[in-house]
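Note sheet for the following structure.
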Amino acid sequence: MKRKLKIGSKTMNVLITLSVHLQKDSSEAAVDIGPESSSTPLTVNPRTAHILYRSDYTKEYTETIKNSSMSYTPQKTLTSLRQLVSGFDNPSTFFYARASHEEFEADQLMPATIFTICDLPHNQGYGSAANVSGRLASRFLQALAVSVINQLPIDFSSVLDDFSNVKLMKGSQSSTSLAWKNLSAFVDSLAINLNEERLPSPGVLAKKVNFSTVAVDACQTLTLANRQIKKDVHSRLQNLYCKRIYHKQSP
């Protein structure tokens with residue numbers, strides 16, 4: 001009996017938006033899957049590779065869109081946002097493009113992005129402390145995203161206070177780091193625009209302030225974080241499936 005892992009998808013992409021051609025004569029060509037995994041032509045056989053969907057979930061999805069105009073979107077949460085490092089003044093940056101199995105709907109079991117890296121535990125194997133520039137940069141990006149998603153006024157007060165406290169604590173050390181210089185320049189630009197008589201909308205603010213600079217800094221903290229998340233997911237999969245298989249096969 002073949003061992004199979006069934007993925008119970010609750011949402012799916014109706015339109016295929018990306019394809020890649022793997023050269024059979026090249027062992028170096030690879031497709032990256034996340035930050036730490038990749039597949040080569042030697043490990044992917046199109047004739048035997050399959051994605052398995054649970055029939056009841058597929059039926060539920062079909063019933064959901066039967067009488068609609070194909071406008072189904074994932075739930076509006078920060079974890080469902082796509083990850084981009086530019087174009088924060090474009091609404092497409094905040095499209096909802098992620099979905100997960102209910103067993104993995106937790107910050108430590110979903111791929112971290114520039115919008116969510118700040119929500120992970122610090123100093124627990126996720127690669128960064130609470131006061132590093134990348135995590136603070138992520139909080140600025142998250143505040144912008146929350147404003148867009150919930151259509152609320154922008155509120156950077158909490159992260160601005162924490163930035164001031166961390167900068168004061170670091171003292172002269174902060175001036176020697178390129179990341180801190182970039183973050184400080186970003187905060188200065190942000191403060192100028194927030195002091196205007198009328199608070200700008202997220203889209204207008206994103207055109208005046210360069211959020212891409214801090215997004216690049218936030219990206220620097222993602223590799224180690226997603227490496228740890230990969231371990232967390234692997235452990236969770238073992239608990240969900242391997243142990244069950246072991247118990248079923250035990251005499």
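Ordering of the structure tokens sets the chain letters (A, B, ...), residue numbers begin anew at 1 in every chain, and ligands are numbered from 1 in the order given.
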
Find the nearest atom pair between each residue of region 73-139 of chain A and region 227-243 of chain A for residues within 6 Å, count only C-alpha atoms, give distances in Å to one decimal, sort rows by chain and ascending number, and present the table as CSV.
```
residue,atom,partner,partner_atom,distance
A:Gln108,CA,A:Ile229,CA,5.8
A:Leu109,CA,A:Val233,CA,5.6
A:Tyr126,CA,A:Gln228,CA,5.8
```

message: If we count only C-alpha atoms and set the cut-off at 9 Å, which residues sit around region 141-146 of chain A, ignoring sequence neighbours fewer than 2 positions away in its own chain? Please answer as a PyMOL selection string.
response: chain A and resi 77-78+81+88+94+114-116+118+136-139+148-152+154-156+159+202+206+211+214-215+218

- request: Among the residues of region 153-184 of chain A, find those DSSP assigns to helix (DSSP H, G or I) from the backbone and print them as a list in words.
  value: Ser157, Ser158, Val159, Leu160, Asp161, Asp162, Phe163, Ser164, Asn165, Val166, Lys167, Leu168, Met169, Lys170, Gly171, Ser172, Gln173, Ser174, Ser175, Thr176, Leu178, Ala179, Trp180, Lys181, Asn182, Leu183 and Ser184 of chain A

Test item: residues at most 10 Å from Val204 (chain A), only C-alpha atoms, excluding those fewer than 5 positions along its chain, as a count of residues only: 5

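You can rank A:Val187, A:Leu205, A:Ala97, A:Ile65 by their closest distance to Asp161 (chain A) using only C-alpha atoms, and at the top of that list sits A:Val187.
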
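All residues of protein, DNA or RNA that reach within 12 Å of Ala179 (chain A), judged by only C-alpha atoms and not counting those fewer than 6 positions away in the chain, are Val132, Ser133, Gly134, Arg135, Leu136, Ala137, Gln173, Ala185, Phe186, Thr213, Val214, Ala215, Val216, Asp217, Ala218, Cys219, Gln220 and Thr221 of chain A.
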
For the selection you just gave me, I'd like the residues written to a file as a compact mmCIF listing (two decimals), in the first residue's frame, keeping all heavy atoms.
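Output (out.txt):
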```
# COMPACT_ATOMS: atom_id res chain seq x y z
N VAL A 132 15.56 44.14 16.89
CA VAL A 132 16.33 44.28 15.65
C VAL A 132 15.54 45.10 14.64
O VAL A 132 14.30 45.15 14.67
CB VAL A 132 16.70 42.91 15.05
CG1 VAL A 132 17.55 42.11 16.01
CG2 VAL A 132 15.46 42.14 14.68
N SER A 133 16.26 45.73 13.74
CA SER A 133 15.62 46.65 12.79
C SER A 133 14.61 45.94 11.90
O SER A 133 13.58 46.51 11.55
CB SER A 133 16.69 47.34 11.94
OG SER A 133 17.45 46.38 11.23
N GLY A 134 14.90 44.69 11.51
CA GLY A 134 14.00 43.97 10.61
C GLY A 134 12.63 43.73 11.21
O GLY A 134 11.60 43.85 10.54
N ARG A 135 12.58 43.41 12.50
CA ARG A 135 11.30 43.17 13.15
C ARG A 135 10.53 44.48 13.33
O ARG A 135 9.31 44.52 13.18
CB ARG A 135 11.51 42.49 14.50
CG ARG A 135 12.02 41.06 14.38
CD ARG A 135 12.25 40.45 15.75
NE ARG A 135 10.99 40.15 16.40
CZ ARG A 135 10.36 38.98 16.36
NH1 ARG A 135 10.89 37.99 15.67
NH2 ARG A 135 9.24 38.78 17.01
N LEU A 136 11.24 45.56 13.66
CA LEU A 136 10.58 46.86 13.75
C LEU A 136 10.07 47.30 12.39
O LEU A 136 8.96 47.85 12.26
CB LEU A 136 11.54 47.90 14.32
CG LEU A 136 11.87 47.76 15.82
CD1 LEU A 136 12.98 48.72 16.21
CD2 LEU A 136 10.62 48.02 16.67
N ALA A 137 10.86 47.04 11.35
CA ALA A 137 10.42 47.37 9.99
C ALA A 137 9.14 46.61 9.65
O ALA A 137 8.21 47.15 9.04
CB ALA A 137 11.52 47.02 9.00
N GLN A 173 25.60 52.99 19.06
CA GLN A 173 25.74 51.76 18.29
C GLN A 173 24.79 51.74 17.10
O GLN A 173 25.09 51.14 16.06
CB GLN A 173 25.46 50.54 19.18
CG GLN A 173 26.51 50.33 20.26
CD GLN A 173 26.20 49.10 21.10
OE1 GLN A 173 25.16 48.47 20.95
NE2 GLN A 173 27.10 48.77 22.01
N ALA A 185 16.11 56.89 8.70
CA ALA A 185 15.73 57.79 7.61
C ALA A 185 14.25 57.59 7.25
O ALA A 185 13.53 58.56 6.97
CB ALA A 185 16.61 57.53 6.39
N PHE A 186 13.81 56.34 7.27
CA PHE A 186 12.40 56.04 6.99
C PHE A 186 11.49 56.69 8.05
O PHE A 186 10.48 57.31 7.71
CB PHE A 186 12.18 54.53 6.98
CG PHE A 186 10.74 54.12 7.04
CD1 PHE A 186 9.95 54.11 5.90
CD2 PHE A 186 10.16 53.73 8.25
CE1 PHE A 186 8.62 53.74 5.96
CE2 PHE A 186 8.83 53.36 8.32
CZ PHE A 186 8.06 53.36 7.16
N THR A 213 12.24 50.40 1.31
CA THR A 213 13.51 50.35 2.02
C THR A 213 13.41 49.49 3.27
O THR A 213 14.26 48.62 3.51
CB THR A 213 13.95 51.78 2.43
OG1 THR A 213 14.06 52.58 1.26
CG2 THR A 213 15.28 51.74 3.14
N VAL A 214 12.36 49.69 4.07
CA VAL A 214 12.22 48.90 5.28
C VAL A 214 11.75 47.48 4.96
O VAL A 214 12.01 46.54 5.73
CB VAL A 214 11.25 49.57 6.27
CG1 VAL A 214 11.86 50.84 6.83
CG2 VAL A 214 9.90 49.85 5.65
N ALA A 215 11.07 47.30 3.82
CA ALA A 215 10.65 45.95 3.42
C ALA A 215 11.86 45.08 3.14
O ALA A 215 11.88 43.89 3.48
CB ALA A 215 9.76 46.02 2.19
N VAL A 216 12.88 45.66 2.53
CA VAL A 216 14.11 44.91 2.26
C VAL A 216 14.77 44.49 3.58
O VAL A 216 15.24 43.36 3.73
CB VAL A 216 15.09 45.76 1.43
CG1 VAL A 216 16.45 45.08 1.34
CG2 VAL A 216 14.52 46.00 0.03
N ASP A 217 14.78 45.39 4.58
CA ASP A 217 15.34 45.04 5.88
C ASP A 217 14.53 43.94 6.55
O ASP A 217 15.09 43.04 7.18
CB ASP A 217 15.37 46.28 6.79
CG ASP A 217 16.43 47.28 6.36
OD1 ASP A 217 17.38 46.86 5.67
OD2 ASP A 217 16.31 48.47 6.70
N ALA A 218 13.21 43.99 6.43
CA ALA A 218 12.36 42.96 7.01
C ALA A 218 12.63 41.61 6.36
O ALA A 218 12.61 40.57 7.03
CB ALA A 218 10.89 43.34 6.87
N CYS A 219 12.91 41.63 5.06
CA CYS A 219 13.18 40.38 4.34
C CYS A 219 14.44 39.68 4.86
O CYS A 219 14.55 38.46 4.80
CB CYS A 219 13.33 40.65 2.84
SG CYS A 219 11.77 40.85 1.98
N GLN A 220 15.39 40.47 5.35
CA GLN A 220 16.64 39.90 5.82
C GLN A 220 16.44 38.96 7.01
O GLN A 220 17.27 38.08 7.27
CB GLN A 220 17.62 41.02 6.21
CG GLN A 220 17.95 41.99 5.10
CD GLN A 220 18.53 41.32 3.87
OE1 GLN A 220 19.39 40.44 3.98
NE2 GLN A 220 18.07 41.72 2.71
N THR A 221 15.36 39.15 7.75
CA THR A 221 15.11 38.32 8.93
C THR A 221 14.25 37.09 8.62
O THR A 221 14.01 36.27 9.51
CB THR A 221 14.39 39.15 10.02
OG1 THR A 221 13.10 39.53 9.55
CG2 THR A 221 15.19 40.40 10.35
```

- prompt: Between CA of His101 (chain A) and CA of Phe140 (chain A), what is the spacing in Å?
  reply: 28.3 Å
